[in-house]
Amino acid sequence: MIVQTLDIGLAALVLTLAGWTVLAHATFPAVVSYVAYGLLLSLIWVRLFAVDVALTEAAIGGGVTGVLLIGAASKLRKAALSTTERELTPPLRWAIAALCVLATLVLATIVLSLPDPPPTLAPEAVQNIAATGLGNPVTAVLIAYRAFDTMLEKCVLVLAVVGVWSLASDRYWGGAPGAPRAVTWDGALTFFAQLLPPLGILIGIRIFWIGADEPGGAFQGGAILAAMWMIIMMARLADAPAIGERWMRIALAAGPIVFLGVGILGFVAGWGFLAYPAGFAKPLIIFVEIFMTLSIAATLPMLVAGPPIRAPRP
Amino acid sequence: MSAATLAGLTGALLAGLGLYGLIIQPDPLRRILAFNVLGSGVFLLFGIIARRGAVAGALADPVPQALVITGIVVAFAATALAVALLVRLSGETSRLGLPAELSGQTRGDGADD
């Protein structure tokens with residue numbers, strides 16, 4: 001009974017924050033509301049017993065996206081609204097609202113009339129997990145059963161970085177995407193940027209490591225490591241790296257390259273493309289995941305930092 | 001009503017809210033926000049399907065969960081690219097959104113400051 005009340009309260013809170021994000025007059029409160037929304041949404045994921053998703057939503061959906069959007073909102077503060085974008089007339093607004101209510105009703109009807117017994121792949125996922133040597137079925141799906149999806153998604157991340165960098169001005173190409181290291185430091189942000197990373201790096205590596213058997217994994221661990229690097233760059237305790245640096249490029253591409261390399265190795269050695277040999281699956285999976293974690297930890301801060309804004313050092 | 005059904009209905013409402021914001025908001029950054037709300041609503045619909053697929057040994061079907069994890073990361077990558085495009089556009093034109101004149105004639109960068 002208490003749990004039921006809590007669930008309803010949580011849903012109401014999430015919906016209120018989403019409403020505020022969509023309808024608030026000013027942009028900045030909308031963005032802040034979105035960050036809180038992402039964090040509370042991860043609690044709903046916990047209630048669905050999808051702890052892996054909850055960790056990802058909290059770290060990437062709320063945290064890293066939040067930093068990205070708050071940064072964008074403060075950069076765009078001075079820009080005036082385009083004159084061509086008029087306020088919509090009330091009848092049109094009502095028509096749009098009716099359309100969206102209709103869409104919601106259709107989705108809600110689907111939710112209430114889902115087939116019973118529900119179709120599920122969980123038995124297959126649990127039965128075959130011994131072959132992968134893993135204990136967490138979500139990690140098994142991500143890295144073994146549907147490895148091809150995950151590999152392509154890593155490629156999407158690299159392509160996104162290429163897209164963001166391609167927006168750089170010619171004179172800044174090869175330069176750094178952030179402010180240089182500060183000369184003097186003070187304030188709460190510096191304090192936190194010195195206090196948090198040692199703990200955060202340990203937690204990130206731990207979440208990556210236990211991901212084989214418990215909720216966690218390369219995405220979640222990598223996102224926490226990325227957050228630590230972002231805090232350090234935001235507090236200007238360290239230089240943002242130049243996008244032309246060789247180690248930077250290697251770190252970004254290592255995940256998909258190693259994943260693809262292991263996949264092709266399987267093709268050559270005869271156990272199949274993106275498959276793992278029986279008995280040696282887990283070490284190979286951990287090996288791939290190490291590079292995936294590294295790539296995620298490098299990619300997310302580079303996507304948040306945006307295109308380079310300083311000329312490269314000669 | 002179970003927690004899963006409630007989450008599913010929340011997802012349906014979030015998708016509707018996000019769709020509304022996506023259409024009516026004139027500010028592109030607000031549209032990106034609304035699009036993310038729409039996306040997270042759709043992810044929650046995956047959540048109820050995952051939870052309903054629970055069997056002994058798994059509290060929720062791992063396949064939809066893995067799809068959502070991949071989806072969250074890809075949504076972030078798309079958001080980052082959209083934000084970078086928007087910031088670059090506002091730097092060029094000091095405006096948010098595409099001015100109407102741009103579609104009609106060729107102009108130099110930042111000519112309307």
# chains A, B, ... in the order shown; residues from 1 in each chain; ligands from 1

call {"tool": "closest_atom_pairs", "arguments": {"of": "stretch 42-99 of chain B", "to": "stretch 113-117 of chain A", "cutoff": "12 Å", "atoms": "only C-alpha atoms", "output": "tab-separated table"}}
result
residue	atom	partner	partner_atom	distance
B:Leu45	CA	A:Leu114	CA	11.0
B:Phe46	CA	A:Leu114	CA	12.0
B:Ile48	CA	A:Leu114	CA	9.7
B:Ile49	CA	A:Leu114	CA	8.4
B:Ala50	CA	A:Leu114	CA	12.0
B:Arg52	CA	A:Pro117	CA	8.6
B:Gly53	CA	A:Pro117	CA	8.6
B:Ala54	CA	A:Pro117	CA	10.8
B:Val55	CA	A:Pro117	CA	11.3

call {"tool": "residues_around", "arguments": {"residues": "stretch 146-149 of chain A", "least_positions_apart": "6", "cutoff": "9 Å", "atoms": "only C-alpha atoms", "output": "PyMOL selection string"}}
result
(chain A and resi 140+259+274-275) or (chain B and resi 63+66-67+70)

call {"tool": "write_last_selection", "arguments": {"atoms": "N, CA and C atoms", "output": "compact mmCIF listing (two decimals), in the first residue's frame"}}
result
# COMPACT_ATOMS: atom_id res chain seq x y z
N ALA A 140 25.08 -9.61 -20.90
CA ALA A 140 25.19 -10.69 -21.90
C ALA A 140 24.50 -10.29 -23.20
N PHE A 259 36.56 -3.87 -30.58
CA PHE A 259 35.35 -4.69 -30.71
C PHE A 259 35.29 -5.34 -32.09
N LEU A 274 31.84 -11.70 -34.43
CA LEU A 274 31.35 -11.14 -33.17
C LEU A 274 30.85 -12.22 -32.20
N ALA A 275 31.40 -13.41 -32.32
CA ALA A 275 31.08 -14.46 -31.35
C ALA A 275 32.33 -14.74 -30.52
N VAL B 63 16.42 -8.19 -22.84
CA VAL B 63 16.59 -7.69 -24.21
C VAL B 63 16.07 -6.25 -24.37
N ALA B 66 18.49 -3.87 -22.66
CA ALA B 66 19.72 -3.58 -23.40
C ALA B 66 19.42 -2.60 -24.53
N LEU B 67 18.25 -2.75 -25.18
CA LEU B 67 17.88 -1.83 -26.25
C LEU B 67 17.75 -0.40 -25.71
N THR B 70 21.22 1.13 -25.03
CA THR B 70 21.78 1.59 -26.30
C THR B 70 21.08 2.86 -26.75

call {"tool": "residues_around", "arguments": {"residues": "stretch 292-308 of chain A", "least_positions_apart": "4", "cutoff": "8 Å", "atoms": "only C-alpha atoms", "output": "NGL selection string"}}
result
(:A and (64 or 67-68 or 154 or 157-158 or 160-161 or 164-168 or 172-178 or 208 or 218-219 or 221-227 or 229-230 or 242-243 or 248 or 251-256 or 259 or 288)) or (:B and (77 or 80-81 or 84))

call {"tool": "write_last_selection", "arguments": {"atoms": "C-alpha atoms", "output": "mmCIF file, in the first residue's frame"}}
result
data_model
loop_
_atom_site.group_PDB
_atom_site.id
_atom_site.type_symbol
_atom_site.label_atom_id
_atom_site.label_comp_id
_atom_site.auth_asym_id
_atom_site.auth_seq_id
_atom_site.Cartn_x
_atom_site.Cartn_y
_atom_site.Cartn_z
ATOM 1 C CA VAL A 64 25.879 14.264 -18.822
ATOM 2 C CA VAL A 67 25.723 19.454 -18.308
ATOM 3 C CA LEU A 68 25.504 19.650 -22.103
ATOM 4 C CA LYS A 154 30.030 2.690 -30.518
ATOM 5 C CA LEU A 157 29.382 7.801 -30.874
ATOM 6 C CA VAL A 158 32.556 8.253 -32.923
ATOM 7 C CA ALA A 160 28.829 12.122 -33.459
ATOM 8 C CA VAL A 161 32.254 13.370 -32.335
ATOM 9 C CA VAL A 164 30.613 18.021 -33.675
ATOM 10 C CA TRP A 165 34.258 18.639 -34.590
ATOM 11 C CA SER A 166 33.356 19.327 -38.204
ATOM 12 C CA LEU A 167 31.560 22.478 -37.007
ATOM 13 C CA ALA A 168 34.883 24.032 -35.992
ATOM 14 C CA TYR A 172 40.662 26.467 -34.707
ATOM 15 C CA TRP A 173 41.002 23.042 -36.348
ATOM 16 C CA GLY A 174 43.241 20.848 -34.236
ATOM 17 C CA GLY A 175 42.869 23.149 -31.226
ATOM 18 C CA ALA A 176 41.238 22.610 -27.858
ATOM 19 C CA PRO A 177 37.465 22.746 -27.257
ATOM 20 C CA GLY A 178 37.618 24.471 -23.853
ATOM 21 C CA PHE A 208 32.504 -1.382 -14.932
ATOM 22 C CA ALA A 218 30.967 -0.441 -19.676
ATOM 23 C CA PHE A 219 28.331 2.238 -20.375
ATOM 24 C CA GLY A 221 31.211 2.913 -15.548
ATOM 25 C CA GLY A 222 32.460 4.836 -18.577
ATOM 26 C CA ALA A 223 29.860 7.562 -18.022
ATOM 27 C CA ILE A 224 31.005 8.032 -14.406
ATOM 28 C CA LEU A 225 34.655 8.254 -15.509
ATOM 29 C CA ALA A 226 33.570 10.768 -18.171
ATOM 30 C CA ALA A 227 31.775 12.845 -15.531
ATOM 31 C CA TRP A 229 36.953 14.299 -16.406
ATOM 32 C CA MET A 230 34.225 16.835 -17.154
ATOM 33 C CA ALA A 242 43.481 19.495 -28.329
ATOM 34 C CA ILE A 243 41.366 17.501 -30.783
ATOM 35 C CA MET A 248 42.884 11.574 -27.972
ATOM 36 C CA ALA A 251 41.141 6.793 -27.037
ATOM 37 C CA LEU A 252 38.025 7.760 -29.015
ATOM 38 C CA ALA A 253 38.378 4.995 -31.601
ATOM 39 C CA ALA A 254 39.795 2.214 -29.379
ATOM 40 C CA GLY A 255 36.388 0.818 -28.324
ATOM 41 C CA PRO A 256 34.885 0.194 -31.771
ATOM 42 C CA PHE A 259 35.346 -4.689 -30.707
ATOM 43 C CA VAL A 288 36.602 -5.661 -25.240
ATOM 44 C CA ALA B 77 24.973 11.534 -29.099
ATOM 45 C CA ALA B 80 25.095 16.663 -28.487
ATOM 46 C CA LEU B 81 25.244 17.013 -32.283
ATOM 47 C CA ALA B 84 26.602 21.867 -31.405
#

call {"tool": "select_by_dssp", "arguments": {"residues": "stretch 18-103 of chain B", "states": "strand (DSSP E or B)", "output": "PyMOL selection string"}}
result
chain B and resi 55+58+95-96

call {"tool": "residues_around", "arguments": {"residues": "B:Phe43", "least_positions_apart": "5", "cutoff": "9 Å", "atoms": "only C-alpha atoms", "output": "list of chain:residue names"}}
result
B:Gly11, B:Leu38, B:Leu67, B:Val68, B:Gly71, B:Ile72

call {"tool": "atom_distance", "arguments": {"atom1": "atom CA of A:Cys155", "atom2": "atom CA of A:Val126"}}
result
28.2 Å

call {"tool": "closest_residue", "arguments": {"among": "A:Phe287, A:Asp7, A:Phe273, A:Pro91", "to": "A:Leu48", "atoms": "only C-alpha atoms"}}
result
A:Asp7

call {"tool": "atom_distance", "arguments": {"atom1": "atom CA of A:Val31", "atom2": "atom CA of A:Ile60"}}
result
14.8 Å

call {"tool": "residues_around", "arguments": {"residues": "B:Tyr20", "least_positions_apart": "2", "cutoff": "10 Å", "atoms": "only C-alpha atoms", "output": "list in words"}}
result
Val22, Leu23, Arg93, Ile96, Ala97, Ala98, Leu99, Cys100 and Val101 of chain A; Leu14, Ala15, Gly16, Leu17, Gly18, Leu22, Ile23, Ile24, Gln25, Arg31, Ala34, Phe35 and Leu38 of chain B

call {"tool": "residues_around", "arguments": {"residues": "A:Leu112", "least_positions_apart": "2", "cutoff": "9 Å", "atoms": "only C-alpha atoms", "output": "list in words"}}
result
Leu107, Ala108, Thr109, Ile110 and Leu114 of chain A; Thr5, Gly8 and Leu9 of chain B

call {"tool": "closest_residue", "arguments": {"among": "B:Val37, B:Leu44, B:Ala7, B:Pro28", "to": "B:Ile69", "atoms": "only C-alpha atoms"}}
result
B:Leu44

call {"tool": "decode", "arguments": {"residues": "stretch 44-75 of chain B", "atoms": "N, CA and C atoms", "output": "short mmCIF file (atom, residue, chain, number, x, y, z; two decimals), in the first residue's frame"}}
result
data_model
loop_
_atom_site.label_atom_id
_atom_site.label_comp_id
_atom_site.auth_asym_id
_atom_site.auth_seq_id
_atom_site.Cartn_x
_atom_site.Cartn_y
_atom_site.Cartn_z
N LEU B 44 10.34 4.38 -21.50
CA LEU B 44 9.56 3.81 -20.39
C LEU B 44 8.58 2.75 -20.89
N LEU B 45 8.06 2.93 -22.10
CA LEU B 45 7.17 1.90 -22.67
C LEU B 45 7.94 0.59 -22.86
N PHE B 46 9.23 0.70 -23.23
CA PHE B 46 10.07 -0.51 -23.28
C PHE B 46 10.19 -1.10 -21.88
N GLY B 47 10.23 -0.22 -20.88
CA GLY B 47 10.39 -0.65 -19.49
C GLY B 47 9.27 -1.57 -19.04
N ILE B 48 8.04 -1.21 -19.38
CA ILE B 48 6.91 -2.06 -18.95
C ILE B 48 6.95 -3.40 -19.68
N ILE B 49 7.36 -3.37 -20.95
CA ILE B 49 7.45 -4.63 -21.70
C ILE B 49 8.53 -5.53 -21.09
N ALA B 50 9.65 -4.90 -20.68
CA ALA B 50 10.72 -5.66 -20.04
C ALA B 50 10.24 -6.26 -18.73
N ARG B 51 9.55 -5.45 -17.92
CA ARG B 51 9.12 -5.91 -16.60
C ARG B 51 8.09 -7.02 -16.71
N ARG B 52 7.18 -6.92 -17.69
CA ARG B 52 6.17 -7.96 -17.86
C ARG B 52 6.80 -9.27 -18.30
N GLY B 53 7.97 -9.18 -18.96
CA GLY B 53 8.64 -10.39 -19.44
C GLY B 53 9.49 -11.06 -18.39
N ALA B 54 9.30 -10.73 -17.10
CA ALA B 54 10.12 -11.32 -16.05
C ALA B 54 9.87 -12.82 -15.94
N VAL B 55 10.96 -13.58 -15.71
CA VAL B 55 10.84 -15.02 -15.46
C VAL B 55 11.74 -15.34 -14.27
N ALA B 56 11.72 -16.60 -13.83
CA ALA B 56 12.63 -17.01 -12.76
C ALA B 56 14.07 -16.78 -13.23
N GLY B 57 14.85 -16.08 -12.46
CA GLY B 57 16.24 -15.83 -12.84
C GLY B 57 16.46 -14.46 -13.44
N ALA B 58 15.39 -13.79 -13.88
CA ALA B 58 15.53 -12.42 -14.38
C ALA B 58 14.28 -11.64 -13.97
N LEU B 59 14.48 -10.54 -13.23
CA LEU B 59 13.34 -9.75 -12.74
C LEU B 59 12.69 -8.96 -13.86
N ALA B 60 13.40 -8.81 -14.99
CA ALA B 60 12.84 -8.13 -16.16
C ALA B 60 13.55 -8.70 -17.38
N ASP B 61 12.85 -8.73 -18.52
CA ASP B 61 13.43 -9.24 -19.76
C ASP B 61 14.67 -8.41 -20.13
N PRO B 62 15.85 -9.04 -20.23
CA PRO B 62 17.06 -8.24 -20.45
C PRO B 62 17.15 -7.63 -21.86
N VAL B 63 16.42 -8.19 -22.84
CA VAL B 63 16.59 -7.69 -24.21
C VAL B 63 16.07 -6.25 -24.37
N PRO B 64 14.81 -5.95 -23.97
CA PRO B 64 14.39 -4.54 -24.04
C PRO B 64 15.28 -3.62 -23.20
N GLN B 65 15.76 -4.11 -22.06
CA GLN B 65 16.63 -3.27 -21.22
C GLN B 65 17.89 -2.88 -21.98
N ALA B 66 18.49 -3.87 -22.66
CA ALA B 66 19.72 -3.58 -23.40
C ALA B 66 19.42 -2.60 -24.53
N LEU B 67 18.25 -2.75 -25.18
CA LEU B 67 17.88 -1.83 -26.25
C LEU B 67 17.75 -0.40 -25.71
N VAL B 68 17.17 -0.27 -24.51
CA VAL B 68 16.99 1.06 -23.93
C VAL B 68 18.34 1.68 -23.59
N ILE B 69 19.25 0.87 -23.03
CA ILE B 69 20.59 1.39 -22.68
C ILE B 69 21.27 1.92 -23.94
N THR B 70 21.22 1.13 -25.03
CA THR B 70 21.78 1.59 -26.30
C THR B 70 21.08 2.86 -26.75
N GLY B 71 19.74 2.87 -26.61
CA GLY B 71 18.96 4.03 -27.02
C GLY B 71 19.32 5.29 -26.28
N ILE B 72 19.53 5.19 -24.96
CA ILE B 72 19.87 6.38 -24.16
C ILE B 72 21.18 6.97 -24.65
N VAL B 73 22.17 6.09 -24.93
CA VAL B 73 23.47 6.58 -25.36
C VAL B 73 23.38 7.24 -26.74
N VAL B 74 22.62 6.61 -27.66
CA VAL B 74 22.48 7.19 -29.00
C VAL B 74 21.71 8.51 -28.93
N ALA B 75 20.68 8.58 -28.07
CA ALA B 75 19.92 9.83 -27.90
C ALA B 75 20.83 10.94 -27.42
#
